[in-house]
Every structure is written in structure tokens, then in C-alpha cells.
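Visitor: Have a look at the structure that comes next, please.
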Amino acid sequence: MACFFRRHIASKLSQILQQPEDVFISALSAVPVSNKQQTADFRLSIGTLFKDGIVPSNGDVQSQAEALLNELKQDRVVEEVSTGRGVINFRVHRKLLVQKMLGPCGKDDDTFGLNSELFNRLEKGRTLVEFGSPNIAKRFHAGHLRSTIIGNFIANLKQSIGNDVIRVNYLGDWGMQFGMLGAGFDRYGSQEKLEENPLQHMFDVYVQVNREAEMNEDLRHAARDFFRRLEHHEGKAMALWQHFREISVKEYQQVYNRLGVHYDIYSGESFHRVQTQEVVQELQHLGLLKITEKGTAVVDLSPSGDMSSYSTVLRSDGTSLYITRDIAAAMDRKEKYTFHEMIYVTDKSQENHFHQLFQVLLAMGHSWAQRCRHVPFGLVQGMKTRHGEVIFLEDVLDEARARMLHNMSLSKTTKEMDNPEDTADKVAISALIVQDFKGPLEADYRFDWDRMLQAKGDTGVRLQYTHARLCSLVHLQGNGQELEFDHSVLVEPRTISILQHLLHYDEVLYRSAQDLQPKHLVNFLIKLCHLVASALRDLPVKGSPPNVAQARLQLFSRTCSVLANGMRILGITPVDKM
Ligand code: ARG
């Protein structure tokens with residue numbers, strides 16, 4: 001595997017440069033596969049060695065690269081060493097490349113690339129990822145879908161490289177919207193409709209009550225009154241609220257199942273409404289609370305204490321705010337789950353909110369807030385279905401599935417299958433995910449049904465299609481589990497390109513784990529699909545001599561499992577047939 005070569009080269013360098021092996025592990029990178037046949041497999045950047053203070057610079061990169069080159073000898077692993085601009089290139093023995101990349105990789109294929117030394121440099125421990133977090137009764141928006149799939153990716157990634165992950169959904173389950181909903185339900189609610197289609201009915205009531213409240217002072221009053229009753233935990237109001245919450249969670253769970261997402265904890269703003277009082281007392285006790293002329297309570301976050309930046313934690317009527325509940329929630333989670341790091345995933349409009357949250361926690365003396373991180377993402381424009389604006393997440397999934405089913409029915413290559421709906425669902429979801437993950441998360445993008453569902457483009461459909469083709473090849477032609485095979489026949493450039501590309505896998509995961517961006521993995525997998533397409537064309541299994549066929553199957557089988565593992569980390573369920 002890649003780590004074998006990396007370790008070997010690092011140890012060579014360590015002997016020459018008299019530095020621990022470790023420092024070279026991440027200074028080495030696999031060389032990107034290009035159309036031109038690559039000869040080198042790994043590359044060491046001299047500039048990086050300078051930057052990291054591993055080697056003192058004499059100002060002339062090239063001469064230092066040449067000097068190092070003179071000391072590096074070929075051996076049983078490295079067959080050629082050369083210099084490029086500011087780099088040293090290593091080419092490993094082809095036979096060994098085939099052997100290591102296609103050999104067993106631990107208990108099973110699912111661990112390929114996951115035992116890399118690269119990950120030793122990352123902090124391990126418990127990671128709490130908070131994502132999804134829709135608001136009950138309010139309309140769903142594309143941001144909630146983005147948060148769900150991005151958070152799920154981050155959780156999967158962290159888990160696969162050895163962190164203990166806790167997945168939290170922080171529902172918007174408290175606030176004035178429940179005053180409106182409660183008052184509205186008293187007037188136009190129907191138990192029957194609520195049981196039948198809870199999200200739709202709550203949404204309808206919410207829309208109607210908001211519309212009427214604009215002209216109706218009594219209704220506004222009733223809504224405030226209902227929320228006041230909630231804040232005082234009055235039995236009847238609480239029971240209705242509880243019911244709204246429970247049926248919503250049940251509905252959400254169905255959609256999350258469909259998306260392949262699960263949560264360890266369904267928390268929400270309501271959980272922390274009592275603790276907010278304690279937070280405020282503690283802030284006061286620490287001397288961090290200021291009362292403004294308007295009667296609100298704030299924490300001054302400006303460096304020089306001139307209130308040029310501050311965070312409001314209590315309204316003038318003494319009620320808590322979004323940030324107050326977040327402060328309480330963070331402290332509560334730290335105590336309950338003793339996480340090492342905590343990650344929040346929301347759209348970028350909340351960047352300032354989280355910045356302030358972490359500042360307040362730090363001011364309170366919670367140094368662990370340094371290991372809290374907000375992952376912001378951009379807006380999605382134009383997410384519409386045939387029926388118009390999207391109101392529920394399910395609408396998007398249904399439309400995606402219907403469109404995919406239609407495309408499948410038109411395609412000549414579509415296979416007979418037991419449950420086409422289920423396949424269409426999985427493929428459509430992968431199309432949504434890949435469209436979303438291709439660029440940097442912070443960028444906005446335009447939602448485009450046709451483009452994301454193209455079978456030939458760089459899409460989730462393409463990933464699934466390639467996976468299904470590899471699966472059927474491996475299943476049809478052999479079991480692919482044969483570990484004894486003739487390595488010597490795998491010499492074609494197409495084979496070497498795939499193996500060289502697989503050398504990147506651990507690097508790609510390492511980079512993603514640092515910046516939490518899925519684009520590295522998406523682009524890696526898409527490129528893999530391109531390489532596979534050429535290999536399937538030029539390296540036939542059927543009709544080749546048995547030893548060649550067997551060796552090629554081994555190549556395709558390993559490729560198939562890396563593709564599947566990568567897809568799973570992205571949150572995609574690979575299909576075997578389509
Ligand atoms: N429910 C919020 C919204 O829809 C997102 C919650 C984000 N998480 C947090 N801890 N504030 O905007």
C-alpha cells in the first residue's frame with residue numbers, strides 16, 4: 001500500500017538528513033497522474049523541507065536538491081531517483097507497486113488506505129459533529145440539506161480515520177414560532193390532518209397564522225401568550241409542543257434514513273432553555289455581563305472594552321436568545337460527552353454567530369472552545385421542483401428519484417433489477433451529493449437537475465455507474481478474492497496509472513481531514529472513474545489468457561472497493577447494479 005512506499009522513502013531520507021522519519025512522511029506526496037505516462041510515483045518538495053525547518057536553506061533550492069540526490073541510492077524498493085524543479089522524484093519498482101497495491105490490506109478491503117502513517121499526525125479523540133438542525137414548523141431550505149450531507153461526510157471521514165464520533169442534530173424546537181403554531185393550531189388545527197401528514201399540516205397552520213397575524217392584533221397576542229405559557233411550562237401548552245416535536249422527529253428520521261444519515265442524539269434549543277439562566281448568572285459572576293441603556297444584557301467582546309463588538313445574551317424582557325442557548329448547549333455537551341473537538345455545520349450567514357459564541361466561551365475561561373470549529377457553506381440558488389418551490393426535504397428527494405427513474409428507463413444499458421425505485425433513489429441522492437461537494441464549500445452554486453443527473457458528466461451518476469460496472473465484472477468473471485495471482489502480467493500503462501492514482505488515496509483523506517472539504521475526495525473518485533473507463537476498454541478480462549484475466553480482475557476488484565469506500569465516506573450508498 002501507499003504507506004509502505006512512503007515509509008520506506010521517509011526512512012531513507014531520515015538516515016541521510018538525520019531527522020526523524022516522521023517529518024518526511026507528510027513532505028512526500030504522490031505524483032498526480034496525467035495523460036502523459038508518468039515515470040515518478042512520489043515527490044519530495046525541497047521548499048517544504050525548508051518551510052518546515054527540516055533542512056536549513058542555503059538559498060539555492062536546485063543545488064540542494066542535486067546534493068540530496070547524490071546521496072540517495074536506488075535499492076530494492078526505489079528503482080529510480082531524479083530531480084525536477086525544486087523536487088526530488090522517486091520511482092518505485094513496478095513489480096513491487098503492483099504487489100503492494102493489490103496485496104491484502106488488513107482484515108479486509110475496507111481498510112485500504114486507512115492505516116496510513118499520515119493520520120498519526122492528526123489529533124485523535126472524540127469528535128462531536130452537529131449538523132442538519134432544521135427548525136420545526138418552519139419551512140425546510142436547501143441550507144438544511146447542505147448541512148445534513150456535509151456534516152454526515154465530516155462525521156464519516158473522522159470516523160474512518162479513527163476518531164470516535166458523536167452525531168448531533170440540534171433542532172430549532174423553541175422560540176416564538178411555537179407561540180404562533182400553538183395559537184394557530186387552537187384556531188385552525190386538525191388532529192386528523194396532523195396524524196396523516198404532520199409536517200405539511202404544521203406548515204400550513206404556520207403559514208396561515210403568520211398571514212392572519214399581520215392584520216389581527218388578537219392573534220398576535222394569543223401567540224405571545226401561548227409562548228409565555230410554554231416558557232412557564234404550563235401543562236397543556238407543553239403537551240402540544242411535545243407532540244409537535246415528537247411527530248416531527250419521526251418524520252425527519254424517515255428522510256434521514258433515506259439519505260443514509262443517522263444521529264446519535266436529537267437535541268434542540270429547548271433542551272437548554274433552563275440552563276441559559278445559569279449561563280447568565282455565571283457571566284455575571286465572572287464580571288462579563290453588562291446591562292445596556294435599553295435594558296438588554298450583553299457581553300463586551302471588543303479587545304479594548306469599548307463595546308465596538310458585543311454579543312447580546314438577554315432581551316430587555318429577560319428572555320434568552322439563540323446565542324444564549326448555544327453557550328449553554330456547548331457547555332452541556334462538553335460536560336456530558338467530553339469531546340476533544342466540536343464541529344458545527346451551517347451556512348455562512350452564521351459565521352459571525354459562531355465566532356462570537358467561541359469568543360464568549362473563551363472569555364468564560366473554557367479553553368476547549370479553541371477546538372470548536374464552524375464549517376460554513378455557501379447558498380444554493382434555484383432549487384425548485386416541477387411543483388414549484390421546495391417546502392420539504394422529501395420533495396427534493398422525490399423529484400430526484402423520479403427524474404432518475406425516467407433517465408434509467410430511457411437508457412439502453414439499464415439492467416433488469418428487483419427494485420428500480422430503490423436504485424434510482426440511491427443514484428439520485430449520490431447525484432445531489434456530488435453536485436454539492438464538487439466545489440469549495442463556501443462557494444454558492446446553482447442547482448441544476450439536468451447537469452447533476454448526467455450519466456456522462458462528472459456526476460454522482462457516473463460514480464455509481466462505474467461502481468456497478470466494476471461490480472458486475474468482478475462478480476461475473478470470478479470472485480475477485482483470489483490473492484494468489486500472477487503480478488508480472490500487470491505491466492500496461494493503464495494499470496500503472498490506476499495504481500499510481502490509488503497512491504493518493506490516503507493523502508486525499510488526510511487533506512480532507514485538515515480542511516474538512518469534500519472536494520478532494522470527490523475529484524479523486526471522479527478521476528478514478530475516468531481511469532477505470534480507459535482501463536475497461538483497453539484491458540479486457542473476457543477472452544484474455546487465464547493468468548492475465550485473473551490479474552486484471554484483481555486490479556478491478558481493488559479499484560471497485562476503493563471507489564465504494566470513498567463513496568461511503570461521502571455519504572453515498574454504492575449500488576451493485578444499474
Ligand atoms: N436551526 C438553525 C437554523 O436552521 C441551525 C442551528 C445551527 N446550530 C447551532 N448550534 N446554532 O438556522
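Ligands are numbered from 1 in the order shown, chains are lettered A, B, ... in the order of the C-alpha cells, and residues start at 1 in each chain.
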Excluding Met452 in chain A and its own-chain neighbours fewer than 5 positions away, which residues fall within 7 Å of it when counting only C-alpha atoms? Please give them as an mmCIF file with N, CA, C and O atoms, in the first residue's frame.
Guide:
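Full text of selection.cif as output:
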```cif
data_model
loop_
_atom_site.group_PDB
_atom_site.id
_atom_site.type_symbol
_atom_site.label_atom_id
_atom_site.label_comp_id
_atom_site.auth_asym_id
_atom_site.auth_seq_id
_atom_site.Cartn_x
_atom_site.Cartn_y
_atom_site.Cartn_z
ATOM 1 N N ALA A 431 -26.200 11.850 -6.862
ATOM 2 C CA ALA A 431 -26.086 12.988 -7.783
ATOM 3 C C ALA A 431 -26.193 14.310 -7.004
ATOM 4 O O ALA A 431 -25.432 15.253 -7.243
ATOM 5 N N LEU A 432 -27.135 14.353 -6.066
ATOM 6 C CA LEU A 432 -27.282 15.566 -5.236
ATOM 7 C C LEU A 432 -25.996 15.839 -4.460
ATOM 8 O O LEU A 432 -25.531 16.969 -4.363
ATOM 9 N N GLN A 435 -22.960 16.927 -6.793
ATOM 10 C CA GLN A 435 -23.155 18.306 -7.253
ATOM 11 C C GLN A 435 -22.764 19.278 -6.135
ATOM 12 O O GLN A 435 -22.123 20.300 -6.356
ATOM 13 N N THR A 459 -20.366 13.341 -12.412
ATOM 14 C CA THR A 459 -21.523 13.386 -11.511
ATOM 15 C C THR A 459 -21.564 12.164 -10.595
ATOM 16 O O THR A 459 -20.807 11.203 -10.786
#
```
Visitor: Please build the interface table for range 334-443 of chain A against range 292-313 of chain A with a cut-off of 10 Å, listing for each qualifying residue the nearest atom pair and the distance in Å to one decimal; count only C-alpha atoms, order rows by chain and increasing number, and write it as JSON lines.
Guide:
```
{"residue": "A:His353", "atom": "CA", "partner": "A:Ser311", "partner_atom": "CA", "distance": 8.8}
{"residue": "A:Gln356", "atom": "CA", "partner": "A:Ser311", "partner_atom": "CA", "distance": 6.8}
{"residue": "A:Leu357", "atom": "CA", "partner": "A:Ser311", "partner_atom": "CA", "distance": 8.5}
{"residue": "A:Gln359", "atom": "CA", "partner": "A:Leu301", "partner_atom": "CA", "distance": 7.2}
{"residue": "A:Val360", "atom": "CA", "partner": "A:Val299", "partner_atom": "CA", "distance": 7.4}
{"residue": "A:Ala363", "atom": "CA", "partner": "A:Leu301", "partner_atom": "CA", "distance": 8.4}
```
Visitor: Using C-alpha atoms, can you export the residues from the last selection as a short mmCIF file (atom, residue, chain, number, x, y, z; two decimals), in the first residue's frame?
Guide:
```cif
data_model
loop_
_atom_site.label_atom_id
_atom_site.label_comp_id
_atom_site.auth_asym_id
_atom_site.auth_seq_id
_atom_site.Cartn_x
_atom_site.Cartn_y
_atom_site.Cartn_z
CA HIS A 353 -22.67 33.98 15.35
CA GLN A 356 -19.00 35.27 18.89
CA LEU A 357 -20.04 32.03 20.54
CA GLN A 359 -15.27 34.21 21.93
CA VAL A 360 -17.78 34.22 24.77
CA ALA A 363 -13.85 34.72 27.84
#
```
Visitor: Do a neighbour search on His530 in chain A at 12 Å with only C-alpha atoms, toss out local chain neighbours closer than 3 positions, and write the hits as number ranges by chain.
Guide: A: 33-35, 456-459, 462-463, 465-467, 494, 497-498, 501, 523-527, 533-537
Visitor: Using only C-alpha atoms, which protein or nucleic acid residues come within 8 Å of range 506-508 of chain A? Drop anything in the same chain fewer than 4 positions from it, and give the result as an MDAnalysis selection string.
Guide: chainID A and resid 2 29:30 113:114 116 118 512 520:521 524
Visitor: Save the residues we just selected, C-alpha atoms, as a PDB file, in the first residue's frame?
Guide:
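Output below, filename again-v6.pdb:
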```pdb
ATOM      1  CA  ALA A   2       0.942   3.623  -0.371  1.00  0.00           C
ATOM      2  CA  SER A  29       3.327  13.353  -1.998  1.00  0.00           C
ATOM      3  CA  ALA A  30       2.123  11.035  -4.700  1.00  0.00           C
ATOM      4  CA  GLY A 113      -5.505   3.356   2.836  1.00  0.00           C
ATOM      5  CA  LEU A 114      -6.906   3.831   6.321  1.00  0.00           C
ATOM      6  CA  SER A 116      -1.594   5.292   6.739  1.00  0.00           C
ATOM      7  CA  LEU A 118      -0.168  10.237   7.632  1.00  0.00           C
ATOM      8  CA  SER A 512      -9.873  16.473   3.725  1.00  0.00           C
ATOM      9  CA  HIS A 520     -10.583  16.459  -2.692  1.00  0.00           C
ATOM     10  CA  LEU A 521     -12.255  13.096  -2.324  1.00  0.00           C
ATOM     11  CA  PHE A 524     -10.130  11.830  -6.641  1.00  0.00           C
TER      12      PHE A 524
END
```
Visitor: Mind listing the residues within 8 Å of ligand 1, only C-alpha atoms and all ligand atoms counted, as number ranges by chain?
Guide: A: 130-135, 143-144, 170-172, 322-323, 326, 329, 344-346, 350, 354
Visitor: Could you work out how far CA of Leu397 in chain A lies from CA of Gln191 in chain A, giving the answer in Å with one decimal?
Guide: 27.1 Å
Visitor: Range 229-236 of chain A: which residues within 9 Å, counting only C-alpha atoms, same-chain residues fewer than 6 positions away excluded, as number ranges by chain?
Guide: A: 178-179, 273
Visitor: Any idea what the distance is between CA of Leu503 in chain A and CA of Leu96 in chain A?
Guide: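 Between these atoms lies a distance of 12.9 Å.
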Visitor: If you run DSSP on the backbone, which residues of range 134-180 of chain A are helix (DSSP H, G or I), as a PyMOL selection string?
Guide: chain A and resi 142-160+176-180
Visitor: Can you list, as a PyMOL selection string, every protein, DNA or RNA residue that comes within 12 Å of Ile161 in chain A when you count only C-alpha atoms, leaving out same-chain residues fewer than 4 positions away?
Guide: chain A and resi 110-127+154-157+165+506-514+569
Visitor: Under the rule that only C-alpha atoms are counted, which of A:Gly571, A:Gly53, A:Gly260, A:Gly151 is the nearest residue to Gln19 in chain A?
Guide: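 Closest to Gln19 in chain A, using only C-alpha atoms: A:Gly53.
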Visitor: For range 331-335 of chain A, find every residue with an atom within 9 Å (counting only C-alpha atoms), except residues of its own chain fewer than 3 positions away, and show them as a count of residues only.
Guide: 13
Visitor: By how many Å are CA of Gln18 in chain A and CA of Pro32 in chain A apart?
Guide: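 For CA of Gln18 in chain A relative to CA of Pro32 in chain A, the distance reads 28.6 Å.
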Visitor: Considering only C-alpha atoms, can you say which of A:Thr48, A:Asn352, A:Ser270, A:Ser430 comes closest to Ile572 in chain A?
Guide: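 Counting only C-alpha atoms, the residue closest to Ile572 in chain A is A:Ser430.
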Visitor: Between A:Asn565, A:Asn257, A:Thr276, A:Gln177, which has the minimum distance to Arg224 in chain A (counting only C-alpha atoms)?
Guide: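 Closest candidate: A:Gln177.
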Visitor: Identify which of the residues A:Pro574, A:Gly268, A:Pro518, A:Gly47 lies closest to Val427 in chain A, counting only C-alpha atoms when measuring atom-to-atom distances.
Guide: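 Of the candidates, the smallest distance to Val427 in chain A is held by A:Pro574.
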Visitor: Using only C-alpha atoms, which of A:Val548, A:Arg167, A:Ile391, A:Ile88 sits nearest Tyr337 in chain A?
Guide: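 Checking each candidate against Tyr337 in chain A, we get A:Arg167 as the closest.
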Visitor: Report as a list in words: the residues of range 188-323 of chain A with a DSSP assignment of strand (DSSP E or B), based on the backbone of this structure.
Guide: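 Going through range 188-323 of chain A, the strand (DSSP E or B) residues come out as Ile265, Tyr266, Ser267, Gly268, Leu289, Lys290, Ile291, Ala297, Val298, Val299, Asp300, Tyr310, Ser311, Thr312, Val313, Leu314 and Ser320 of chain A.
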Visitor: Of the candidates A:Leu102, A:Val31, A:Ala67, A:Ala222, which shows the shortest atom-to-atom distance to Leu17 in chain A, using only C-alpha atoms?
Guide: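 Checking each of A:Leu102, A:Val31, A:Ala67, A:Ala222 against Leu17 in chain A, counting only C-alpha atoms, the winner is A:Ala67.
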